[in-house]
Amino acid sequence: MDTQLLLNIMWTFLGATLVYFMQAGFAMVEAGFTRAKNSGNIIMKNMMDFVLGSIFFFLIGFGVMFGNDFNGIIGTSGFLNPTTLADAEGMINVGAWDGYTGLPIGVFLIFHTVFCATAATIVSGAMAERTKFSAYLVYSAAISVFIYPVTGHWIWGGGWLSQLGFHDFAGSTAVHMVGGICAFIGAKILGPRIGKYNADGSANGIPGHNIPIGALGVFILWFGWFGFNCGSTVEATTTIGDIAMTTNLAAAASTLVALIVTWIKYGKPDVSMTLNGSLAGLVAITAGCDAVSNYSALAIGAIAGVVVVFAIDFIDKVVKVDDPVGAVGVHGCCGLLGTILTGVFSPDVSVVTQLIGVGSVLVYVTILAIIIFTLINKTIGLRVNKEEEVDGLDLHEHGAPAYANFNLHRDR
Amino acid sequence: MDTQLLLNIMWTFLGATLVYFMQAGFAMVEAGFTRAKNSGNIIMKNMMDFVLGSIFFFLIGFGVMFGNDFNGIIGTSGFLNPTTLADAEGMINVGAWDGYTGLPIGVFLIFHTVFCATAATIVSGAMAERTKFSAYLVYSAAISVFIYPVTGHWIWGGGWLSQLGFHDFAGSTAVHMVGGICAFIGAKILGPRIGKYNADGSANGIPGHNIPIGALGVFILWFGWFGFNCGSTVEATTTIGDIAMTTNLAAAASTLVALIVTWIKYGKPDVSMTLNGSLAGLVAITAGCDAVSNYSALAIGAIAGVVVVFAIDFIDKVVKVDDPVGAVGVHGCCGLLGTILTGVFSPDVSVVTQLIGVGSVLVYVTILAIIIFTLINKTIGLRVNKEEEVDGLDLHEHGAPAYANFNLHRDR
Amino acid sequence: MDTQLLLNIMWTFLGATLVYFMQAGFAMVEAGFTRAKNSGNIIMKNMMDFVLGSIFFFLIGFGVMFGNDFNGIIGTSGFLNPTTLADAEGMINVGAWDGYTGLPIGVFLIFHTVFCATAATIVSGAMAERTKFSAYLVYSAAISVFIYPVTGHWIWGGGWLSQLGFHDFAGSTAVHMVGGICAFIGAKILGPRIGKYNADGSANGIPGHNIPIGALGVFILWFGWFGFNCGSTVEATTTIGDIAMTTNLAAAASTLVALIVTWIKYGKPDVSMTLNGSLAGLVAITAGCDAVSNYSALAIGAIAGVVVVFAIDFIDKVVKVDDPVGAVGVHGCCGLLGTILTGVFSPDVSVVTQLIGVGSVLVYVTILAIIIFTLINKTIGLRVNKEEEVDGLDLHEHGAPAYANFNLHRDR
Amino acid sequence: MKKLEIVIKPEKLEDLKAILDECNANGLMINNIMGYGNQKGYKQLYRGAEYKTNLLPKVKVETVVEDEVSENIIGKVVEQINTGNYGDGKIFVYEVQDAVRIRTGERGSEAL
Amino acid sequence: MKKLEIVIKPEKLEDLKAILDECNANGLMINNIMGYGNQKGYKQLYRGAEYKTNLLPKVKVETVVEDEVSENIIGKVVEQINTGNYGDGKIFVYEVQDAVRIRTGERGSEAL
Amino acid sequence: MKKLEIVIKPEKLEDLKAILDECNANGLMINNIMGYGNQKGYKQLYRGAEYKTNLLPKVKVETVVEDEVSENIIGKVVEQINTGNYGDGKIFVYEVQDAVRIRTGERGSEAL
Ligand SMILES: Nc1ncnc2c1ncn2[C@@H]1O[C@H](COP(=O)(O)OP(=O)(O)O)[C@@H](O)[C@H]1O
Ligand SMILES: Nc1ncnc2c1ncn2[C@@H]1O[C@H](COP(=O)(O)OP(=O)(O)O)[C@@H](O)[C@H]1O
Ligand SMILES: Nc1ncnc2c1ncn2[C@@H]1O[C@H](COP(=O)(O)OP(=O)(O)O)[C@@H](O)[C@H]1O
């Protein structure tokens, strides 16, 4: 048996497993940073994102992403049975990125399934506390079929962006920015939570109900990110540790800088915003974690730490899109930022190509997200009614409270 | 150094580590889905399951399971010092399953220790909120010595079922059904929680106190299950990804179907029951995850998703055995189901053999569990007194509340 | 490509990743075992420990620990750019311990970064609920520069203790005792929490606010410890499973013994103390996990299980240093204990050398910790004011409660 | 109109609700409180250190009823909630000057 | 001096606070309670088994005010908090014998 | 019989309990409430957006005592709980018509 192949399989599997676990991280972050009365609901949305992502990516998405390329735009084969995309030895070989060495189709499939589901699950946080459950399920299936795999094909499936040399190693754009844009469009169409904005347009803070589990979510995500970034080699290489270092340093720098920025800006170091800072650094380094030096990683992280705070503030107070957990700022803005900065900090990557890449993905995803969310809104309706929102989605959408034995009090 | 051997060791270790982490998952599920006043107690039971399992499986259980075979029924050597079961090179070689390539005794031991402890810990959930702590400790040691290793020997230790071609790849029967049956017997002998059944025999819902940590537990279990199923190759193979795919698709299908079934049956998608659905799919695919196609996995998951809801309902409302977390439905019923369905969906596995396997295990475990729980009940007594149950086990059995700073309210 | 090298890299990376995850474990243990009004703050301290540790260890600490040796006392090169410590092939080779085979600098760096951050984060628990956030940040940077890397150099960086044959495989002394001593000095200088001691000097119990997440933390730590201990081979070996077994058995024995001791001593099995017992066993076996037999591991664990309860009691009631989570007893006392017991139980390790090792580390760390904490205390001030402490650090230091929707009640 | 303030052990709440239903109490307000009376608290050990809880969880149920209903309820509570143990609880009776139904603006007995 | 005990739906709290501010109520005490009156509870299903909640979360706001302020508040509450639905809540009025400001020891109206 | 309703800062609870013990109050009921009086609330920032908390956590302690005990308690509370700051709290005094000990059915002063 070829040990290098076995090493590659083990490695890719390990990465996939860690990325799977990020689902738990998202669920905890989103539950912890929103209100207790919607906790069961947000957790169900996270769970169903993964479930529907797994099923629809298997049935259709994988073919769109890795099927036979049509003009660099879309994959066109492997539908309903993606294992037909393997060769006689059971190996997939889409030549997706340089030095890609081939893997059995199964491990390749599970690896890309968990990436797809990550993009989907980003959205639930931004749309939390007011989105109808059934409507959300439809969106969740749609992103796994119509959005993620298409731009995924461009970037990783041998499509036009990968041919152009666009560098998005582990998915700052392909996963995070895609999720972040969908989050923005969804939250925008949905409108803000009741009580979020005052009559004069000023924003109210609506504190999350369980900071410890929110923080646990961030730790889990950071942990999983080692799989996300290092696993994206999809082969055992000697560079694994280097990728882990850039990933870790960027996250550390971003956390520290976000802490300092909130401390200066708000007078006190803000807990949940600092935790957003950690994620911002992780998102930003994801595109170039294999291509930049440790010091560049520190710089990318530090920039992300500043940008994320101002971006979230801007979206909250100026754009007035209500994103309870800051998903747009973290994944959308820092995904875009990190992809571009890869061009700035890596000598081998062209800034222009990076700009073309993020621009085209931005346009495609924005259009598709607008279409999908508008269609859902016009048919099923995206939003729960006022009473359901006020009483909490757990009560009306699921019939049971998330914290049955606790005395809760209503916030605003 | 033989790299294939090192790969196998690393792989098996990785699997063991992930399976260990399932203990955290069980603890969170069981704590989250029961009441706040018993949280410290249920967590201690989970912890002690693993602790006693580790010690007693090392001292005795491993010898029973993998010691020299006596008539295909039981292992008879290696007691108190299981490392004596290794050959001169320190390798264990019980020829337990086809293509099994041998491993150093240490890694083999840790791998089987965590599996044994998984079976034990399933029971605590079904017996939650009313079982005396000391009595539970005795049971916990007993399953690791008298129950799990015996049927484990039949199935994986070279015993009569493995000779017969019984296929239980990662333990739908050997681990989950064994745990589920013990859970059923234990909960039955114990009787329902105060307030669970009304005078007219109808069942009351007793909501879990912390759905977010319960859900976290499910995510952790799903994560750990990649180690459980894929790790059960106990060697690095090219099929790892395929096993991950069947595992993941079955779980996804089962979650989705359970969601839909509860939606139709109860009018609203039930959160905790859907989360049970995830576990049901994982349990059901465990026996055949290496032997069925992706579509068969979807089918097995979908069937499990239906069965688990009806099974839990049936146990709750018709059999009237009070199983607070649904352990019997999930592990018992879906373990049995999945083992049989392996025969249905895999061309290489005989349904008849599968039926013989689950039947014989069912009989053995039922008898032993009845004996053990009855003995404990007659001596130490299985159940706390009324006042302890009403006030909560944390207060009386451990002297401190699990949520000291929170205002709790009593449920029924 | 040399597969053995790739195996070593993967292995070391896997270990590092699991050790990283221990940060989540510490955060949950420390948050869960302290009061709800300080949860956001303690979590921030844990997070910033890792962040500052990552940055300062990269910039300075790594050079101090693994730079060119000066008289066995300190490393003197690689500052600001630790990658300069690699050879032409990018491999580090400090000959730190026997049979050490060399690794690319990146993976070696990330591995040691997470170990350094573990030592730092131990301290936050002992100083919880009353330490000023800004002061804590300064301490956190200082330990990563002035304390951990120096004794780390002695033990693992080719310094005088490693030359002497001091055996501390995965860091009972290098990580845990170092952290535990800093914790003791910090808590001592800080003074007890308001309400901890009565006028007559007797100690009050101040229950932790969330035992389930505290317990989750312990499960996470145990999980991560497989990476901590087994990963410390920093190469793929056949002994990995043996190390996992000793680690697991010691932890199991210690948990069981701590349970029994509290049961006898206090009349009831204490939940949080038993969970401390698990950690005590893990800490104690860390030094000798590669060098002792399974039975010795059981013995080491059992001794640690007794010692940890009496040590925590002694520190609490006699020494009257207020350590809310028992960090000094667990990491300090059992780190010291385990290192010495390695000499007792392993034929190849000299007790005298072990005593010299722990003694010298004890002296150095005590002196440095006194200097650092005193300096901080005299300048920034270590402690929040009375009102901040009474109202909770979350409110005053961060401006937002950790559990916004819950009705909390004040404990004493 | 009288307000009855009935303090009982939490586990007796369902029984009390049944009594109030039976007596046609028009509404009730339930409060989770901590209290102590003749039944003094207890000491617990947390990690071996004492942790005094002289407070016990109690439920306080308030209901405003017509004067004649009041005695009826008191009688049934004393009869049915009584276990003979310390901690069974107490009832305090207050005069209510007025009641208002917010929905309609009705006042006095009408508003109950 | 009167004590007003105002029981409302939790989501009306901000509106009530505005009214009390306007009427110069000097202070208030807010309690999260469970209650029921004319608006009876509902049944929920948890895992398919019934889970009766005849209790609904309510907020009880107490304020002690001068007699003349009292009627003013009652009027505004009936006017503004009223949605016309069951469950809008009630106000109970009690006589207060005395008030004490702990900080100064002032008594009676002074202490409000 | 009088009911004293004593609203204080949570951190003063232990001191208050000591006073009540000393004065032989027979029992008490403790409620965690949110309140405001002269001590107005404060504003906090959560993620940079304002988050108004004009409510502060307070503890409300109720005790029903004989008339003569009442003044005794009031005196001690004013003396000992007083820190001279806004937010020290208030005491409200109500007439209690009757008390009942559920365990025995005793009424009036006997029941305290
Ligand atoms: N004088 C009192 N004032 C206020 N609350 C009281 C008083 N006496 C009793 N209570 C409340 O009633 C509860 C039950 O009283 P308890 O003394 O235990 O009843 P019993 O006298 O029947 O044993 C106490 O926990 C306390 O909250
Ligand atoms: N007679 C009463 N005694 C005590 N509390 C009452 C009484 N009537 C109503 N309440 C409280 O007021 C709340 C609102 O009353 P409700 O009957 O719903 O108002 P409405 O009559 O306008 O529908 C109830 O939930 C209950 O807590
Ligand atoms: N008139 C009132 N009615 C109801 N509660 C009041 C009233 N005045 C004060 N309180 C309660 O007492 C608490 C303390 O009052 P506060 O005004 O802060 O005391 P001080 O006047 O000594 O500063 C408040 O938070 C509030 O809950």
# chains A, B, ... in the order shown; residues from 1 in each chain; ligands from 1
>>> interface_residues(of="chain F", to="chain C", cutoff="9 Å", atoms="only C-alpha atoms", output="ChimeraX atom specification")
/F:10-11,13-14,32-33,43-46,51,57,59
>>> interface_residues(of="chain C", to="chain B", cutoff="7 Å", atoms="only C-alpha atoms", output="NGL selection string")
:C and (4 or 35-36 or 207-212 or 216 or 219 or 223 or 226 or 236-238 or 240-242 or 244-245 or 249 or 252 or 256 or 268-271 or 407-411)
>>> atom_distance(atom1="atom CA of Trp225 of chain B", atom2="atom CA of Gly67 of chain B")
27.0 Å
>>> residues_near_ligand(ligand="ligand 1", cutoff="9 Å", atoms="only C-alpha atoms and all ligand atoms", output="MDAnalysis selection string")
(chainID D and resid 6:9 33:41 55:60 82 84:92) or (chainID F and resid 3:4 25:30 61:66 99:105 111:112)
>>> select_by_dssp(residues="segment 156-312 of chain A", states="alpha helix (DSSP H)", output="ChimeraX atom specification")
/A:156,160-164,178-190,211-230,240-266,271-286,294-312
>>> atom_distance(atom1="atom CA of Glu389 of chain B", atom2="atom CA of Arg130 of chain B")
5.8 Å
>>> closest_residue(among="F:Val69, F:Asn24, F:Asn31, F:Gly108", to="chain E", atoms="only C-alpha atoms")
F:Asn31
>>> residues_around(residues="segment 21-23 of chain F", least_positions_apart="6", cutoff="10 Å", atoms="only C-alpha atoms", output="list in words")
Asp15, Val65, Val69, Ser70, Asn72, Ile73 and Lys76 of chain F
